[in-house]
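Engineer: Please find one structure pasted underneath; my questions will follow.
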Amino acid sequence: MPIEVVVDDDCWEELDVVSLAHQGFVSVMQHFELDPEIYDVEMLACDDPCIAKLNSNFRGIKKSTNVLSWPSADRSPKNERQFPPKMAPGGEGFLGDIAISYDTCLREVKGSERKIEHHVSHLIVHAVLHLIGYDHENDTDALLMETIEVEILRKMGITSPYKI
């Protein structure tokens with residue numbers, strides 16, 4: 001499987017996070033006409049204490065977050081407000097790592113009409129886009145990334161989490 005998921009917390013048992021991760025990864029790769037079978041991603045499905053520690057260690061932010069990603073290489077565009085360079089169809093192999101917290105995901109959908117499965121799928125799509133070079137460091141790049149997320153999610157049968 002092109003995305004390997006390590007489930008580090010029992011709270012994920014109520015969701016089929018492995019299938020959600022696979023579907024999200026494949027959907028992103030197919031959106032860019034890339035063969036998902038020649039790329040690899042590793043994902044940790046964890047809880048808030050675990051992701052808070054990762055967030056602190058890697059970003060210096062001492063709190064939990066919903067999702068983190070670590071690209072294996074810098075695939076970002078050379079200038080702001082540009083698309084990342086097109087990835088070679090032959091593949092680069094390992095794209096990077098993702099960590100996602102069930103606790104934060106659940107907290108973010110509480111009180112909304114959004115299903116946790118859709119929110120988790122959105123965050124996986126978001127994280128994979130980071131791995132291939134997209135970011136949201138400025139308003140233009142954020143709008144570009146969000147627009148692509150919405151297109152991919154629509155193909156997955158998930159409504160937009162944004163008001164675009």
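Chain lettering (A, B, ...) mirrors the order of the structure tokens, residue numbering begins at 1 for each chain separately, and ligand numbering begins at 1 in order of display.
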Near A:Val28, counting only C-alpha atoms, which residues have an atom at most 10 Å away, once you skip same-chain residues fewer than 2 positions from it, shown as a PyMOL selection string?
Structural biologist: chain A and resi 23-26+30-34+36+124-126+128-129+132+148-149+151-153
Engineer: Dump C-alpha atoms for the selected residues as a PDB file, in the first residue's frame?
Structural biologist:
ATOM      1  CA  GLN A  23      -8.516   7.043  -0.346  1.00  0.00           C
ATOM      2  CA  GLY A  24      -7.195  10.534   0.442  1.00  0.00           C
ATOM      3  CA  PHE A  25      -3.686   9.753  -0.773  1.00  0.00           C
ATOM      4  CA  VAL A  26      -4.858   8.082  -3.985  1.00  0.00           C
ATOM      5  CA  GLN A  30      -4.840  10.903  -9.266  1.00  0.00           C
ATOM      6  CA  HIS A  31      -5.808  14.596  -9.262  1.00  0.00           C
ATOM      7  CA  PHE A  32      -2.276  15.354 -10.466  1.00  0.00           C
ATOM      8  CA  GLU A  33      -2.244  12.340 -12.812  1.00  0.00           C
ATOM      9  CA  LEU A  34       0.446  10.604 -10.775  1.00  0.00           C
ATOM     10  CA  PRO A  36      -0.035   6.403  -6.435  1.00  0.00           C
ATOM     11  CA  ILE A 124      -5.208  13.797   4.953  1.00  0.00           C
ATOM     12  CA  VAL A 125      -5.689  15.483   1.566  1.00  0.00           C
ATOM     13  CA  HIS A 126      -4.329  18.716   3.077  1.00  0.00           C
ATOM     14  CA  VAL A 128      -0.493  15.103   1.235  1.00  0.00           C
ATOM     15  CA  LEU A 129      -0.667  18.426  -0.632  1.00  0.00           C
ATOM     16  CA  ILE A 132       4.061  17.521  -2.691  1.00  0.00           C
ATOM     17  CA  ILE A 148      -7.368  22.210  -4.966  1.00  0.00           C
ATOM     18  CA  GLU A 149      -8.516  20.586  -1.705  1.00  0.00           C
ATOM     19  CA  GLU A 151     -11.774  19.910  -6.048  1.00  0.00           C
ATOM     20  CA  ILE A 152     -10.274  16.693  -4.682  1.00  0.00           C
ATOM     21  CA  LEU A 153     -12.811  16.411  -1.866  1.00  0.00           C
TER      22      LEU A 153
END
Engineer: Taking only residues of stretch 23-124 of chain A that have an atom at most 10 Å from an atom of stretch 5-10 of chain A, what is each one's shortest atom pair and its distance in Å to one decimal, using only C-alpha atoms, in chain and number order, as JSON lines?
Structural biologist:
{"residue": "A:Val41", "atom": "CA", "partner": "A:Val5", "partner_atom": "CA", "distance": 8.6}
{"residue": "A:Glu42", "atom": "CA", "partner": "A:Val5", "partner_atom": "CA", "distance": 6.0}
{"residue": "A:Met43", "atom": "CA", "partner": "A:Val5", "partner_atom": "CA", "distance": 4.7}
{"residue": "A:Leu44", "atom": "CA", "partner": "A:Val6", "partner_atom": "CA", "distance": 4.9}
{"residue": "A:Ala45", "atom": "CA", "partner": "A:Val7", "partner_atom": "CA", "distance": 4.8}
{"residue": "A:Cys46", "atom": "CA", "partner": "A:Asp8", "partner_atom": "CA", "distance": 5.0}
{"residue": "A:Asp47", "atom": "CA", "partner": "A:Asp9", "partner_atom": "CA", "distance": 6.2}
{"residue": "A:Asp48", "atom": "CA", "partner": "A:Asp9", "partner_atom": "CA", "distance": 9.9}
{"residue": "A:Cys50", "atom": "CA", "partner": "A:Asp8", "partner_atom": "CA", "distance": 8.9}
{"residue": "A:Asp97", "atom": "CA", "partner": "A:Val5", "partner_atom": "CA", "distance": 9.9}
{"residue": "A:Ile98", "atom": "CA", "partner": "A:Val5", "partner_atom": "CA", "distance": 9.2}
{"residue": "A:Ala99", "atom": "CA", "partner": "A:Val6", "partner_atom": "CA", "distance": 9.4}
{"residue": "A:Ile100", "atom": "CA", "partner": "A:Val7", "partner_atom": "CA", "distance": 9.9}
{"residue": "A:Ser101", "atom": "CA", "partner": "A:Asp9", "partner_atom": "CA", "distance": 9.2}
{"residue": "A:Tyr102", "atom": "CA", "partner": "A:Asp9", "partner_atom": "CA", "distance": 8.4}
Engineer: Determine the nearest neighbour of A:Glu117 from the options A:Pro2, A:Pro49, A:Gly157, A:Gly60, counting only C-alpha atoms.
Structural biologist: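 Smallest separation from A:Glu117 among the options: A:Gly157.
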Engineer: In terms of the shortest atom-to-atom distance over only C-alpha atoms, which of A:His136, A:Arg107, A:Lys53, A:Lys63 is closest to A:Phe83?
Structural biologist: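 Closest residue, counting only C-alpha atoms: A:His136.
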Engineer: Point out the residue among A:Gly96, A:Ser76, A:Gly111, A:Ile158 with the least atom-to-atom distance to A:Tyr134, counting only C-alpha atoms.
Structural biologist: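 Nearest to A:Tyr134: A:Ser76.
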Engineer: Which of these residues is nearest to A:Met29, using only C-alpha atoms: A:Val67, A:Leu144, A:Ile61, A:Leu95?
Structural biologist: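 Using only C-alpha atoms, the shortest distance to A:Met29 belongs to A:Leu95.
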Engineer: Determine which residues of stretch 53-133 of chain A DSSP labels as strand (DSSP E) from the backbone of this structure, then write them out as a PDB file with C-alpha atoms, in the first residue's frame.
Structural biologist:
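The resulting result.pdb:
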ATOM      1  CA  VAL A  67      -2.379  17.301  11.453  1.00  0.00           C
ATOM      2  CA  LEU A  68       1.349  17.674  10.824  1.00  0.00           C
ATOM      3  CA  SER A  69       3.380  16.797   7.758  1.00  0.00           C
ATOM      4  CA  TRP A  70       7.073  16.407   7.048  1.00  0.00           C
ATOM      5  CA  PRO A  71       8.004  16.328   3.343  1.00  0.00           C
ATOM      6  CA  GLY A  93       9.513   7.240  -3.969  1.00  0.00           C
ATOM      7  CA  PHE A  94       9.079   8.372  -0.383  1.00  0.00           C
ATOM      8  CA  LEU A  95       7.144  11.666  -0.105  1.00  0.00           C
ATOM      9  CA  GLY A  96       7.212  12.089   3.669  1.00  0.00           C
ATOM     10  CA  ASP A  97       5.401  11.590   6.950  1.00  0.00           C
ATOM     11  CA  ILE A  98       2.053  12.679   8.366  1.00  0.00           C
ATOM     12  CA  ALA A  99       0.708  12.638  11.939  1.00  0.00           C
ATOM     13  CA  ILE A 100      -2.961  13.188  12.729  1.00  0.00           C
ATOM     14  CA  SER A 101      -4.695  13.496  16.116  1.00  0.00           C
TER      15      SER A 101
END
Engineer: Choose the residue, out of A:Ile51, A:Ser160, A:Leu143, A:Pro77, that has the smallest atom-to-atom separation from A:Arg114; count only C-alpha atoms.
Structural biologist: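 Once distances to A:Arg114 are computed over only C-alpha atoms, the minimum belongs to A:Ser160.
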Engineer: Rounded to one decimal, what separation in Å do you get between atom CA of A:Asp103 and atom CA of A:Met145?
Structural biologist: 24.7 Å
Engineer: Rank A:Pro84, A:Glu13, A:Asp74, A:Ala21 by their smallest atom-to-atom distance to A:Asp141, using only C-alpha atoms, and report the top residue only.
Structural biologist: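 When distances to A:Asp141 are compared using only C-alpha atoms, the smallest one comes from A:Pro84.
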Engineer: Find the distance between atom CA of A:Thr140 and atom CA of A:His122 and write it in Å to one decimal.
Structural biologist: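 Distance reported for this atom pair: 19.7 Å.
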Engineer: Grab the atom CA of A:Lys78 to atom CA of A:Pro161 distance for me, in Å with one decimal place.
Structural biologist: 28.6 Å
